[in-house]
>>> print(open('entry.txt').read())   # compact mmCIF, C-alpha atoms
# COMPACT_ATOMS: atom_id res chain seq x y z
CA MET A 299 -76.51 -127.98 121.56
CA TYR A 300 -73.70 -127.34 123.98
CA ARG A 301 -70.01 -126.75 123.41
CA VAL A 302 -68.53 -126.89 126.87
CA TRP A 303 -65.14 -128.34 126.12
CA ASN A 304 -63.30 -125.17 125.03
CA PHE A 305 -64.59 -123.15 127.97
CA VAL A 306 -63.90 -125.82 130.57
CA THR A 307 -60.49 -126.61 129.09
CA ALA A 308 -59.35 -123.00 129.46
CA TYR A 309 -61.05 -122.69 132.83
CA SER A 310 -59.76 -125.96 134.25
CA LEU A 311 -56.24 -125.90 132.87
CA LEU A 312 -55.51 -122.45 134.27
CA LEU A 313 -57.20 -123.09 137.62
CA ILE A 314 -55.65 -126.53 138.06
CA GLY A 315 -52.32 -125.19 136.80
CA GLY A 316 -52.36 -122.55 139.51
CA ALA A 317 -53.36 -125.09 142.16
CA VAL A 318 -50.68 -127.62 141.14
CA THR A 319 -48.03 -124.89 141.01
CA ALA A 320 -49.02 -123.79 144.51
CA LEU A 321 -48.88 -127.35 145.89
CA ILE A 322 -45.43 -127.97 144.43
CA TRP A 323 -44.09 -124.56 145.45
CA VAL A 324 -45.33 -124.65 149.06
CA ASN A 325 -44.06 -128.18 149.64
CA LEU A 326 -40.62 -127.38 148.22
CA HIS A 327 -40.11 -123.82 149.51
CA PRO A 328 -42.91 -122.90 151.94
CA ASN A 329 -41.31 -119.66 153.13
CA SER A 330 -40.94 -118.16 149.66
CA TYR A 331 -44.50 -119.22 148.75
CA HIS A 332 -46.05 -117.55 151.79
CA ASP A 333 -43.85 -114.49 151.24
CA PHE A 334 -45.30 -114.23 147.72
CA VAL A 335 -48.94 -114.67 148.78
CA GLU A 336 -48.67 -112.15 151.62
CA TYR A 337 -46.43 -109.75 149.70
CA VAL A 338 -47.40 -106.16 150.52
CA LEU A 339 -48.21 -104.18 147.38
CA ILE A 340 -49.29 -100.94 149.08
CA ASP A 341 -49.26 -100.20 152.80
CA ASP A 342 -51.69 -97.79 154.47
CA PHE A 343 -54.05 -97.84 151.46
CA PHE A 344 -57.81 -97.32 151.10
CA ILE A 345 -58.37 -100.97 150.14
CA GLY A 346 -56.86 -104.09 151.66
CA HIS A 347 -56.73 -106.07 154.87
CA ALA A 348 -57.91 -103.93 157.79
CA HIS A 349 -55.87 -103.66 160.97
CA GLU A 350 -55.80 -101.13 163.76
CA VAL A 351 -52.76 -98.86 164.03
CA GLY A 352 -52.57 -96.16 166.69
CA GLY A 353 -56.30 -96.17 167.32
CA HIS A 354 -57.38 -95.90 163.69
CA VAL A 355 -58.03 -98.53 161.04
CA SER A 356 -55.37 -98.90 158.36
CA ARG A 357 -55.50 -101.15 155.31
CA THR A 358 -52.73 -103.10 153.61
CA LEU A 359 -53.08 -104.31 150.03
CA THR A 360 -51.42 -107.70 149.60
CA VAL A 361 -51.28 -110.12 146.67
CA HIS A 362 -53.75 -112.39 148.50
CA TYR A 363 -56.24 -109.55 149.03
CA LEU A 364 -55.88 -108.37 145.45
CA VAL A 365 -56.77 -111.83 144.11
CA ASN A 366 -59.33 -113.09 146.64
CA ASP A 367 -61.18 -109.89 147.48
CA LEU A 368 -60.85 -107.71 144.39
CA LEU A 369 -60.24 -109.79 141.26
CA MET A 370 -62.48 -112.70 142.31
CA ALA A 371 -65.36 -110.21 142.33
CA PHE A 372 -65.46 -110.62 138.55
CA PHE A 373 -65.79 -114.41 138.90
CA PHE A 374 -68.72 -114.04 141.28
CA ALA A 375 -70.26 -111.41 138.98
CA ILE A 376 -70.35 -113.93 136.12
CA ALA A 377 -71.88 -116.52 138.46
CA ALA A 378 -74.45 -113.94 139.59
CA LYS A 379 -75.28 -113.13 135.97
CA GLU A 380 -76.22 -116.74 135.27
CA VAL A 381 -78.27 -116.96 138.46
CA TRP A 382 -80.02 -113.65 137.74
CA GLU A 383 -81.03 -114.70 134.23
CA ALA A 384 -82.23 -118.09 135.48
CA ILE A 385 -84.51 -116.34 137.98
CA ILE A 386 -85.72 -113.18 136.21
CA LEU A 387 -86.33 -114.26 132.62
CA ARG A 388 -89.76 -115.60 131.69
CA ASN A 389 -88.23 -118.90 130.53
CA GLY A 390 -85.49 -118.88 133.16
CA SER A 391 -84.27 -122.32 134.18
CA LEU A 392 -84.97 -121.72 137.88
CA ARG A 393 -88.59 -120.67 137.34
CA GLY A 394 -91.75 -122.73 137.32
CA ARG A 395 -92.55 -126.34 137.98
CA LYS A 396 -89.63 -127.66 135.92
CA ALA A 397 -87.18 -126.21 138.44
CA ALA A 398 -88.98 -127.51 141.55
CA THR A 399 -87.29 -130.91 141.83
CA PRO A 400 -83.77 -129.57 141.09
CA LEU A 401 -84.32 -126.88 143.74
CA PHE A 402 -85.37 -129.50 146.28
CA ALA A 403 -82.32 -131.57 145.33
CA THR A 404 -80.14 -128.47 145.78
CA LEU A 405 -81.53 -127.99 149.26
CA GLY A 406 -80.74 -131.59 150.11
CA GLY A 407 -77.31 -131.22 148.54
CA MET A 408 -76.59 -128.44 151.04
CA LEU A 409 -78.28 -129.74 154.18
CA GLY A 410 -76.77 -133.20 153.76
CA PRO A 411 -73.13 -132.02 153.78
CA ILE A 412 -73.83 -129.65 156.69
CA ALA A 413 -75.40 -132.47 158.73
CA VAL A 414 -72.52 -134.86 158.02
CA TYR A 415 -69.81 -132.25 158.65
CA LEU A 416 -71.23 -130.92 161.92
CA GLY A 417 -72.48 -134.33 163.07
CA LEU A 418 -69.08 -135.98 162.71
CA ALA A 419 -67.39 -132.95 164.29
CA ALA A 420 -69.72 -133.23 167.31
CA ILE A 421 -68.99 -136.96 167.63
CA LEU A 422 -65.25 -136.21 167.70
CA GLY A 423 -65.69 -134.02 170.79
CA SER A 424 -66.31 -130.46 171.85
CA SER A 425 -62.74 -129.29 171.29
CA THR A 426 -62.83 -130.51 167.68
CA PHE A 427 -66.30 -129.05 167.12
CA ASP A 428 -65.25 -125.65 168.47
CA ALA A 429 -62.22 -125.60 166.17
CA VAL A 430 -63.94 -126.62 162.95
CA HIS A 431 -67.62 -125.64 163.19
CA ARG A 432 -67.19 -122.43 161.17
CA GLY A 433 -66.34 -124.54 158.13
CA TRP A 434 -69.83 -126.02 157.85
CA ALA A 435 -70.45 -124.31 154.49
CA ILE A 436 -67.29 -125.61 152.79
CA PRO A 437 -68.80 -128.94 151.63
CA THR A 438 -72.05 -127.33 150.41
CA ALA A 439 -70.41 -125.97 147.25
CA THR A 440 -70.61 -127.44 143.75
CA ASP A 441 -68.04 -126.45 141.14
CA ILE A 442 -70.30 -125.75 138.18
CA ALA A 443 -67.75 -126.14 135.36
CA PHE A 444 -66.02 -129.30 136.56
CA SER A 445 -69.28 -130.94 137.64
CA TYR A 446 -70.86 -130.17 134.29
CA LEU A 447 -67.90 -131.65 132.42
CA VAL A 448 -67.93 -134.85 134.50
CA GLY A 449 -71.71 -135.07 134.20
CA ARG A 450 -71.49 -135.00 130.40
CA ILE A 451 -68.92 -137.78 130.46
CA VAL A 452 -70.94 -139.95 132.85
CA PHE A 453 -74.41 -139.42 131.35
CA GLY A 454 -73.68 -138.28 127.80
CA ALA A 455 -74.50 -134.83 126.46
CA GLY A 456 -78.13 -135.61 125.68
CA HIS A 457 -79.16 -137.16 129.00
CA PRO A 458 -81.79 -135.16 130.95
CA ALA A 459 -79.71 -135.65 134.11
CA VAL A 460 -77.09 -133.27 132.67
CA ARG A 461 -79.63 -130.46 132.46
CA PHE A 462 -80.85 -131.37 135.95
CA LEU A 463 -77.26 -131.16 137.21
CA LEU A 464 -76.76 -127.75 135.60
CA LEU A 465 -79.91 -126.38 137.27
CA LEU A 466 -78.74 -127.80 140.60
CA ALA A 467 -75.29 -126.22 140.20
CA ILE A 468 -76.74 -122.79 139.32
CA ALA A 469 -79.08 -122.90 142.32
CA ASP A 470 -76.16 -124.03 144.47
CA ASP A 471 -74.17 -121.00 143.29
CA ALA A 472 -77.05 -118.72 144.27
CA ALA A 473 -77.26 -120.27 147.73
CA GLY A 474 -73.48 -120.08 148.10
CA LEU A 475 -73.49 -116.34 147.38
CA ILE A 476 -76.15 -115.84 150.05
CA ILE A 477 -74.20 -117.94 152.58
CA LEU A 478 -71.01 -115.96 151.95
CA ALA A 479 -72.81 -112.65 152.36
CA ILE A 480 -74.67 -113.58 155.56
CA PHE A 481 -72.42 -115.97 157.47
CA TYR A 482 -68.89 -114.93 156.49
CA PRO A 483 -68.51 -111.17 156.83
CA SER A 484 -64.97 -109.89 156.41
CA GLY A 485 -65.07 -107.65 159.47
CA ASP A 486 -67.29 -105.76 161.89
CA LEU A 487 -70.57 -105.01 160.15
CA GLN A 488 -71.24 -101.38 159.20
CA PRO A 489 -74.55 -101.79 157.32
CA LEU A 490 -74.93 -98.10 156.49
CA TRP A 491 -72.16 -98.50 153.91
CA LEU A 492 -74.47 -100.82 151.97
CA LEU A 493 -76.46 -97.71 151.07
CA LEU A 494 -73.54 -96.80 148.82
CA SER A 495 -73.78 -100.17 147.03
CA VAL A 496 -77.55 -100.14 146.71
CA GLY A 497 -77.64 -96.44 145.79
CA ALA A 498 -74.99 -96.83 143.08
CA ALA A 499 -76.80 -99.81 141.55
CA LEU A 500 -80.23 -98.16 141.75
CA ALA A 501 -79.06 -94.82 140.35
CA THR A 502 -77.29 -96.53 137.45
CA PHE A 503 -80.34 -98.65 136.68
CA LEU A 504 -82.69 -95.65 136.70
CA LEU A 505 -80.47 -93.25 134.74
CA PHE A 506 -78.85 -95.53 132.17
CA ASN A 507 -81.29 -98.43 131.82
CA TRP A 508 -84.87 -97.60 132.83
CA LEU A 509 -84.96 -93.91 131.80
CA PRO A 510 -83.65 -94.38 128.22
CA ARG A 511 -86.11 -97.23 127.66
CA ARG A 512 -88.90 -95.09 129.09
CA MET A 513 -88.01 -92.25 126.72
CA ASP A 514 -87.92 -94.68 123.78
CA ARG A 515 -91.51 -95.85 124.23
CA GLY A 516 -93.27 -95.84 120.85
CA ARG A 517 -90.01 -95.10 118.99
CA GLN A 518 -88.93 -98.09 116.93
CA MET A 519 -85.33 -96.94 116.47
CA ARG A 520 -84.82 -96.55 120.26
CA PRO A 521 -82.55 -93.49 119.89
CA CYS A 522 -82.02 -92.83 123.60
CA SER A 523 -81.04 -96.38 124.49
CA SER A 524 -78.81 -96.56 121.42
CA TRP A 525 -77.07 -93.31 122.35
CA VAL A 526 -76.40 -94.52 125.90
CA ARG A 527 -75.05 -97.83 124.63
CA ARG A 528 -72.90 -96.23 121.90
CA TYR A 529 -71.34 -93.38 123.86
CA LEU A 530 -71.37 -94.57 127.45
CA GLY A 531 -71.19 -98.34 127.06
CA PHE A 532 -70.32 -100.18 130.25
CA TRP A 533 -68.65 -97.23 131.99
CA PRO A 534 -71.62 -96.19 134.18
CA TYR A 535 -71.86 -99.77 135.43
CA ALA A 536 -68.10 -100.02 135.94
CA LEU A 537 -68.18 -96.90 138.13
CA ALA A 538 -71.23 -98.20 139.99
CA GLY A 539 -69.44 -101.53 140.44
CA ALA A 540 -66.40 -99.79 141.94
CA ALA A 541 -68.62 -97.85 144.35
CA SER A 542 -70.58 -100.99 145.25
CA TRP A 543 -67.40 -102.99 145.84
CA PHE A 544 -66.04 -100.27 148.13
CA GLY A 545 -69.35 -100.18 149.98
CA PHE A 546 -69.13 -103.92 150.63
CA GLN A 547 -65.57 -103.59 151.91
CA GLU A 548 -66.47 -100.80 154.32
CA ALA A 549 -69.71 -102.54 155.38
CA GLY A 550 -67.73 -105.59 156.51
CA LEU A 551 -69.23 -107.95 153.93
CA HIS A 552 -66.89 -109.94 151.75
CA PRO A 553 -65.78 -107.56 148.96
CA ALA A 554 -65.65 -110.40 146.41
CA LEU A 555 -69.45 -110.15 146.38
CA GLY A 556 -69.36 -106.40 145.85
CA LEU A 557 -70.43 -106.41 142.19
CA LEU A 558 -73.60 -108.43 142.81
CA PRO A 559 -75.96 -105.45 143.35
CA VAL A 560 -74.93 -103.95 140.00
CA VAL A 561 -75.55 -107.07 137.87
CA PRO A 562 -79.38 -106.69 137.87
CA ALA A 563 -79.02 -103.04 136.86
CA ILE A 564 -77.34 -103.87 133.53
CA PRO A 565 -79.57 -104.15 130.42
CA HIS A 566 -80.05 -107.81 129.50
CA ALA A 567 -81.68 -109.85 126.76
CA ASP A 568 -85.12 -111.35 127.16
CA ARG A 569 -83.69 -114.83 126.73
CA ALA A 570 -80.73 -116.90 127.89
CA PHE A 571 -79.34 -120.12 126.47
CA GLY A 572 -77.13 -121.09 129.42
CA ILE A 573 -73.53 -120.49 130.40
CA PHE A 574 -72.16 -123.31 128.22
CA SER A 575 -74.39 -122.79 125.19
CA GLU A 576 -72.82 -121.93 121.86
CA ALA A 577 -75.80 -119.69 121.10
CA GLU A 578 -74.96 -117.50 124.11
CA GLN A 579 -72.11 -115.88 122.17
CA TYR A 580 -74.61 -114.38 119.73
CA LEU A 581 -76.48 -112.41 122.39
CA THR A 582 -75.28 -108.81 122.13
CA ASP A 583 -77.11 -107.14 125.01
CA LEU A 584 -74.83 -105.20 127.35
CA LEU A 585 -74.90 -107.80 130.14
CA ASN A 586 -73.80 -110.60 127.81
CA HIS A 587 -71.30 -108.29 126.09
CA ILE A 588 -69.67 -107.57 129.45
CA GLU A 589 -69.61 -111.27 130.32
CA HIS A 590 -67.97 -112.15 126.99
CA ASN A 591 -65.25 -109.57 127.62
CA LEU A 592 -64.68 -110.82 131.16
CA LYS A 593 -64.31 -114.53 130.41
CA VAL A 594 -60.62 -114.50 129.47
CA PRO A 595 -59.56 -112.14 132.30
CA VAL A 596 -61.54 -114.27 134.78
CA GLU A 597 -59.82 -117.42 133.56
CA ILE A 598 -56.46 -115.73 134.27
CA VAL A 599 -57.76 -114.60 137.67
CA LEU A 600 -58.65 -118.22 138.45
CA PHE A 601 -55.04 -119.24 137.81
CA PHE A 602 -53.89 -116.79 140.46
CA PHE A 603 -56.75 -117.83 142.72
CA GLY A 604 -55.50 -121.41 142.56
CA LEU A 605 -51.94 -120.20 143.08
CA CYS A 606 -52.80 -118.11 146.13
CA ASN A 607 -55.21 -120.52 147.82
CA ALA A 608 -54.18 -124.09 147.02
CA GLY A 609 -50.73 -123.84 148.56
CA VAL A 610 -51.21 -126.45 151.27
CA GLU A 611 -48.42 -128.55 152.70
CA PHE A 612 -49.20 -132.28 152.66
CA SER A 613 -48.40 -132.38 156.36
CA SER A 614 -51.55 -130.26 156.88
CA ILE A 615 -53.87 -133.18 156.20
CA GLY A 616 -55.97 -133.70 159.33
CA VAL A 617 -59.45 -133.92 160.82
CA PRO A 618 -60.87 -130.90 158.89
CA THR A 619 -59.73 -132.55 155.64
CA TRP A 620 -61.76 -135.68 156.33
CA LEU A 621 -64.76 -133.71 157.59
CA VAL A 622 -64.92 -131.67 154.37
CA LEU A 623 -64.51 -134.81 152.28
CA ALA A 624 -67.17 -136.69 154.25
CA GLY A 625 -69.57 -133.78 153.84
CA LEU A 626 -69.00 -133.72 150.08
CA LEU A 627 -68.73 -137.44 149.33
CA ILE A 628 -71.41 -138.71 151.73
CA GLY A 629 -73.66 -135.76 152.54
CA LYS A 630 -73.96 -134.35 149.02
CA PRO A 631 -75.06 -137.57 147.21
CA GLY A 632 -77.25 -138.61 150.14
CA GLY A 633 -78.94 -135.22 150.38
CA VAL A 634 -79.53 -134.92 146.62
CA LEU A 635 -80.97 -138.43 146.48
CA LEU A 636 -83.24 -138.04 149.53
CA PHE A 637 -84.64 -134.60 148.74
CA GLY A 638 -84.85 -135.31 145.01
CA TRP A 639 -86.83 -138.47 145.74
CA LEU A 640 -89.12 -136.60 148.16
CA ALA A 641 -89.86 -133.98 145.52
CA ALA A 642 -90.30 -136.43 142.66
CA ARG A 643 -92.37 -139.10 144.45
CA PRO A 644 -94.23 -138.07 147.66
CA LEU A 645 -94.65 -134.46 146.48
CA ARG A 646 -95.34 -135.65 142.92
CA LEU A 647 -93.24 -132.95 141.28
CA GLY A 648 -91.68 -135.55 139.02
CA LEU A 649 -88.33 -135.94 137.28
CA PRO A 650 -87.43 -134.93 133.72
CA GLN A 651 -88.58 -137.46 131.16
CA GLY A 652 -85.95 -140.15 130.72
CA MET A 653 -84.39 -139.62 134.16
CA ARG A 654 -84.65 -142.30 136.88
CA THR A 655 -84.58 -141.96 140.66
CA ALA A 656 -81.29 -143.90 140.66
CA ASP A 657 -79.78 -141.16 138.50
CA LEU A 658 -80.19 -138.75 141.43
CA LEU A 659 -77.48 -140.62 143.34
CA VAL A 660 -75.08 -140.28 140.42
CA VAL A 661 -75.95 -136.58 140.05
CA GLY A 662 -75.17 -136.15 143.75
CA CYS A 663 -71.78 -137.80 143.31
CA VAL A 664 -70.94 -135.50 140.41
CA ALA A 665 -72.11 -132.44 142.38
CA ALA A 666 -69.70 -133.39 145.18
CA ILE A 667 -66.85 -131.75 143.26
CA GLY A 668 -66.51 -128.58 145.34
CA PHE A 669 -63.07 -127.27 144.41
CA THR A 670 -63.28 -123.55 143.42
CA VAL A 671 -66.03 -122.29 145.74
CA SER A 672 -65.09 -124.74 148.50
CA LEU A 673 -61.54 -123.37 148.42
CA PHE A 674 -62.88 -119.84 148.59
CA ILE A 675 -65.15 -120.56 151.56
CA ALA A 676 -62.31 -122.35 153.37
CA SER A 677 -60.15 -119.25 152.96
CA VAL A 678 -62.76 -117.03 154.66
CA ALA A 679 -64.22 -119.50 157.18
CA PHE A 680 -61.05 -119.90 159.25
CA ASN A 681 -58.43 -117.45 160.36
CA SER A 682 -54.91 -118.48 159.43
CA GLY A 683 -53.04 -119.79 162.46
CA VAL A 684 -55.98 -121.55 164.15
CA THR A 685 -54.78 -125.09 164.85
CA LEU A 686 -56.23 -128.45 165.82
CA ASP A 687 -53.82 -131.12 167.05
CA GLY A 688 -50.97 -128.97 165.78
CA ILE A 689 -52.41 -128.69 162.25
CA ASP A 690 -53.60 -125.43 160.67
CA VAL A 691 -57.39 -125.80 160.35
CA GLN A 692 -57.68 -123.57 157.27
CA GLU A 693 -54.95 -125.45 155.43
CA ALA A 694 -56.44 -128.83 156.33
CA ALA A 695 -59.91 -127.73 155.14
CA LYS A 696 -58.44 -126.50 151.86
CA MET A 697 -56.87 -129.92 151.34
CA GLY A 698 -60.35 -131.44 151.67
CA ALA A 699 -61.61 -129.10 148.94
CA LEU A 700 -58.71 -130.11 146.69
CA PHE A 701 -59.32 -133.81 147.32
CA SER A 702 -62.97 -133.40 146.27
CA PHE A 703 -61.86 -134.27 142.75
CA VAL A 704 -62.08 -137.91 143.86
CA ALA A 705 -65.84 -137.41 143.51
CA ALA A 706 -65.36 -137.67 139.74
CA LEU A 707 -64.01 -141.21 140.10
CA ILE A 708 -66.84 -142.09 142.48
CA ALA A 709 -69.35 -140.69 139.96
CA PHE A 710 -67.94 -142.91 137.21
CA GLY A 711 -68.23 -145.93 139.50
CA ALA A 712 -71.76 -144.98 140.59
CA GLY A 713 -72.76 -144.56 136.96
CA LYS A 714 -71.62 -148.08 136.19
CA LEU A 715 -73.27 -149.48 139.33
CA MET A 716 -76.58 -147.74 138.59
CA ARG A 717 -76.38 -148.79 134.94
CA VAL A 718 -76.60 -145.29 133.56
CA ARG A 719 -77.30 -145.35 129.83
CA LYS A 720 -75.40 -142.63 128.05
CA GLN A 721 -77.38 -140.44 125.67
CA SER A 722 -75.49 -138.48 123.07
>>> encode(input="entry.txt", output="structure tokens")
Amino acid sequence: MYRVWNFVTAYSLLLIGGAVTALIWVNLHPNSYHDFVEYVLIDDFFIGHAHEVGGHVSRTLTVHYLVNDLLMAFFFAIAAKEVWEAIILRNGSLRGRKAATPLFATLGGMLGPIAVYLGLAAILGSSTFDAVHRGWAIPTATDIAFSYLVGRIVFGAGHPAVRFLLLLAIADDAAGLIILAIFYPSGDLQPLWLLLSVGAALATFLLFNWLPRRMDRGRQMRPCSSWVRRYLGFWPYALAGAASWFGFQEAGLHPALGLLPVVPAIPHADRAFGIFSEAEQYLTDLLNHIEHNLKVPVEIVLFFFGLCNAGVEFSSIGVPTWLVLAGLLIGKPGGVLLFGWLAARPLRLGLPQGMRTADLLVVGCVAAIGFTVSLFIASVAFNSGVTLDGIDVQEAAKMGALFSFVAALIAFGAGKLMRVRKQS
């Protein structure tokens, strides 16, 4: 039993509201919009955009950095929580044979867009390829909330393809986090700083998670664990998160991923019902408690994320726009269908009962809604000011991510064409 509507409504209205506000603002008064986004909050600070001044590195905290690099860390922490539970729990959705075909489909849903994006860029010539090749990961993303909502409308809440889509989206999130960490560092790599992140997470796990449980062995009332939870709460993990985030910034990795090492250190339940499950609200372990408290702030953060990243002038539509769209609308459905079929038929891993091979194409169309994560990758893949045929490449790529909503219409059409039978 899933109740997704309330969550997605809050999530989507705020995110889309921020994106629409940005589009209107930048096309009416571009100078004031860019002044707002790049507004300097604190100059010569210990966090912010790094730049060299007089032979030493100085940092400037801007509105854009505050939203994209600091506040979005909470969004990625929630995504990491769902991925972690899906992998680590005994009945996790990404474990065992039941997850094999969705994982294959996820792989296809990433390789397909990359092949289409880079292949078309190469066909258009070396100058185009050189300008846009760093954006290869933009069309690999799947927006989990919007895709899940569209999937429920197309298939019906009870269709096995909806569960398949959710597994694919979670696995896609996991792969996206890895891609961001490896291929899109925020500066020159200083890997020794990662010792701060790993050390903070490990120390917190040992002292405030493992040790109290160890001391409570054979004691039904679990006094040590209860004392830590009652008097310390989330504060040890908050401090570890701050240290880990700072370590990521100084290491040159994208700081928005800085909370990821701490997520596995937080005590969690031995079960998970899924991000959109009503039953999830009744889990009171510390990890779920933190997630529940973060949901509303993260929804507000997503409004500002849309506001700070979706401000693209319509004149910026160009080749990168169409490459991102082609990767999402052609590569994603094609890759999901091909790899899903390979897993289900030649490899004999099968599909969920009640799901047809034709449904894979529709799932791929739904998964082509990139939006949130595609926008984020576009903002880190290209430096602002890089142009192709007089058009800012970053802005044009962002427009492709925004236009990915057309995948919802394509999914509805594909559902009709493939004669999908809704299951309530």
>>> atom_distance(input="entry.txt", atom1="CA of Val704 (chain A)", atom2="CA of Leu422 (chain A)")
24.1 Å
>>> residues_around(input="entry.txt", residues="Leu463 (chain A)", least_positions_apart="6", cutoff="10 Å", atoms="only C-alpha atoms", output="VMD selection string")
chain A and resid 400 403 to 404 442 445 to 446 449 to 450 469 658 660 to 662 664 to 665
>>> atom_distance(input="entry.txt", atom1="CA of Glu611 (chain A)", atom2="CA of Pro437 (chain A)")
20.4 Å
>>> atom_distance(input="entry.txt", atom1="CA of Glu589 (chain A)", atom2="CA of Met370 (chain A)")
14.0 Å
>>> residues_around(input="entry.txt", residues="His566 (chain A)", least_positions_apart="4", cutoff="12 Å", atoms="all atoms listed in the file", output="list in words")
Lys379, Glu380, Trp382, Glu383, Ile386, Leu387, Phe503, Asn507, Trp508, Val561, Pro562, Ala570, Leu581, Thr582, Asp583, Leu584, Leu585, Asn586, His587, Ile588 and Glu589 of chain A
>>> build_atoms(input="entry.txt", residues="region 382-388 of chain A", atoms="all heavy atoms", output="CSV table (one decimal), in the frame of the given file")
chain,number,residue,atom,x,y,z
A,382,TRP,N,-79.0,-114.7,138.0
A,382,TRP,CA,-80.0,-113.6,137.7
A,382,TRP,C,-80.9,-114.0,136.5
A,382,TRP,O,-82.1,-113.9,136.6
A,382,TRP,CB,-79.3,-112.3,137.6
A,382,TRP,CG,-80.2,-111.2,137.2
A,382,TRP,CD1,-80.2,-110.5,136.0
A,382,TRP,CD2,-81.2,-110.6,138.0
A,382,TRP,NE1,-81.1,-109.5,136.0
A,382,TRP,CE2,-81.8,-109.5,137.3
A,382,TRP,CE3,-81.7,-110.8,139.3
A,382,TRP,CZ2,-82.8,-108.7,137.8
A,382,TRP,CZ3,-82.7,-110.0,139.8
A,382,TRP,CH2,-83.3,-109.0,139.0
A,383,GLU,N,-80.3,-114.4,135.4
A,383,GLU,CA,-81.0,-114.7,134.2
A,383,GLU,C,-81.9,-115.9,134.5
A,383,GLU,O,-83.1,-116.0,134.0
A,383,GLU,CB,-80.1,-115.0,133.1
A,383,GLU,CG,-79.4,-113.7,132.5
A,383,GLU,CD,-78.6,-114.0,131.3
A,383,GLU,OE1,-78.1,-115.1,131.2
A,383,GLU,OE2,-78.3,-113.1,130.5
A,384,ALA,N,-81.4,-116.9,135.2
A,384,ALA,CA,-82.2,-118.1,135.5
A,384,ALA,C,-83.5,-117.8,136.3
A,384,ALA,O,-84.5,-118.5,136.2
A,384,ALA,CB,-81.4,-119.1,136.2
A,385,ILE,N,-83.4,-116.7,137.1
A,385,ILE,CA,-84.5,-116.3,138.0
A,385,ILE,C,-85.5,-115.3,137.3
A,385,ILE,O,-86.7,-115.5,137.4
A,385,ILE,CB,-84.0,-115.8,139.3
A,385,ILE,CG1,-83.2,-116.8,140.1
A,385,ILE,CG2,-85.1,-115.2,140.2
A,385,ILE,CD1,-82.5,-116.3,141.3
A,386,ILE,N,-84.9,-114.3,136.6
A,386,ILE,CA,-85.7,-113.2,136.2
A,386,ILE,C,-86.4,-113.4,134.9
A,386,ILE,O,-87.5,-112.9,134.6
A,386,ILE,CB,-84.9,-111.9,136.2
A,386,ILE,CG1,-85.8,-110.6,136.2
A,386,ILE,CG2,-83.9,-111.9,135.0
A,386,ILE,CD1,-86.6,-110.5,137.4
A,387,LEU,N,-85.8,-114.1,133.9
A,387,LEU,CA,-86.3,-114.3,132.6
A,387,LEU,C,-87.6,-115.2,132.6
A,387,LEU,O,-87.7,-116.1,133.4
A,387,LEU,CB,-85.3,-114.8,131.6
A,387,LEU,CG,-84.0,-113.9,131.4
A,387,LEU,CD1,-83.1,-114.6,130.4
A,387,LEU,CD2,-84.4,-112.5,131.0
A,388,ARG,N,-88.5,-114.9,131.7
A,388,ARG,CA,-89.8,-115.6,131.7
A,388,ARG,C,-89.5,-117.1,131.5
A,388,ARG,O,-90.2,-117.9,132.2
A,388,ARG,CB,-90.6,-115.1,130.5
A,388,ARG,CG,-92.0,-115.8,130.4
A,388,ARG,CD,-92.8,-115.2,129.3
A,388,ARG,NE,-93.1,-113.8,129.6
A,388,ARG,CZ,-93.8,-113.0,128.7
A,388,ARG,NH1,-94.2,-113.5,127.6
A,388,ARG,NH2,-94.1,-111.8,129.1
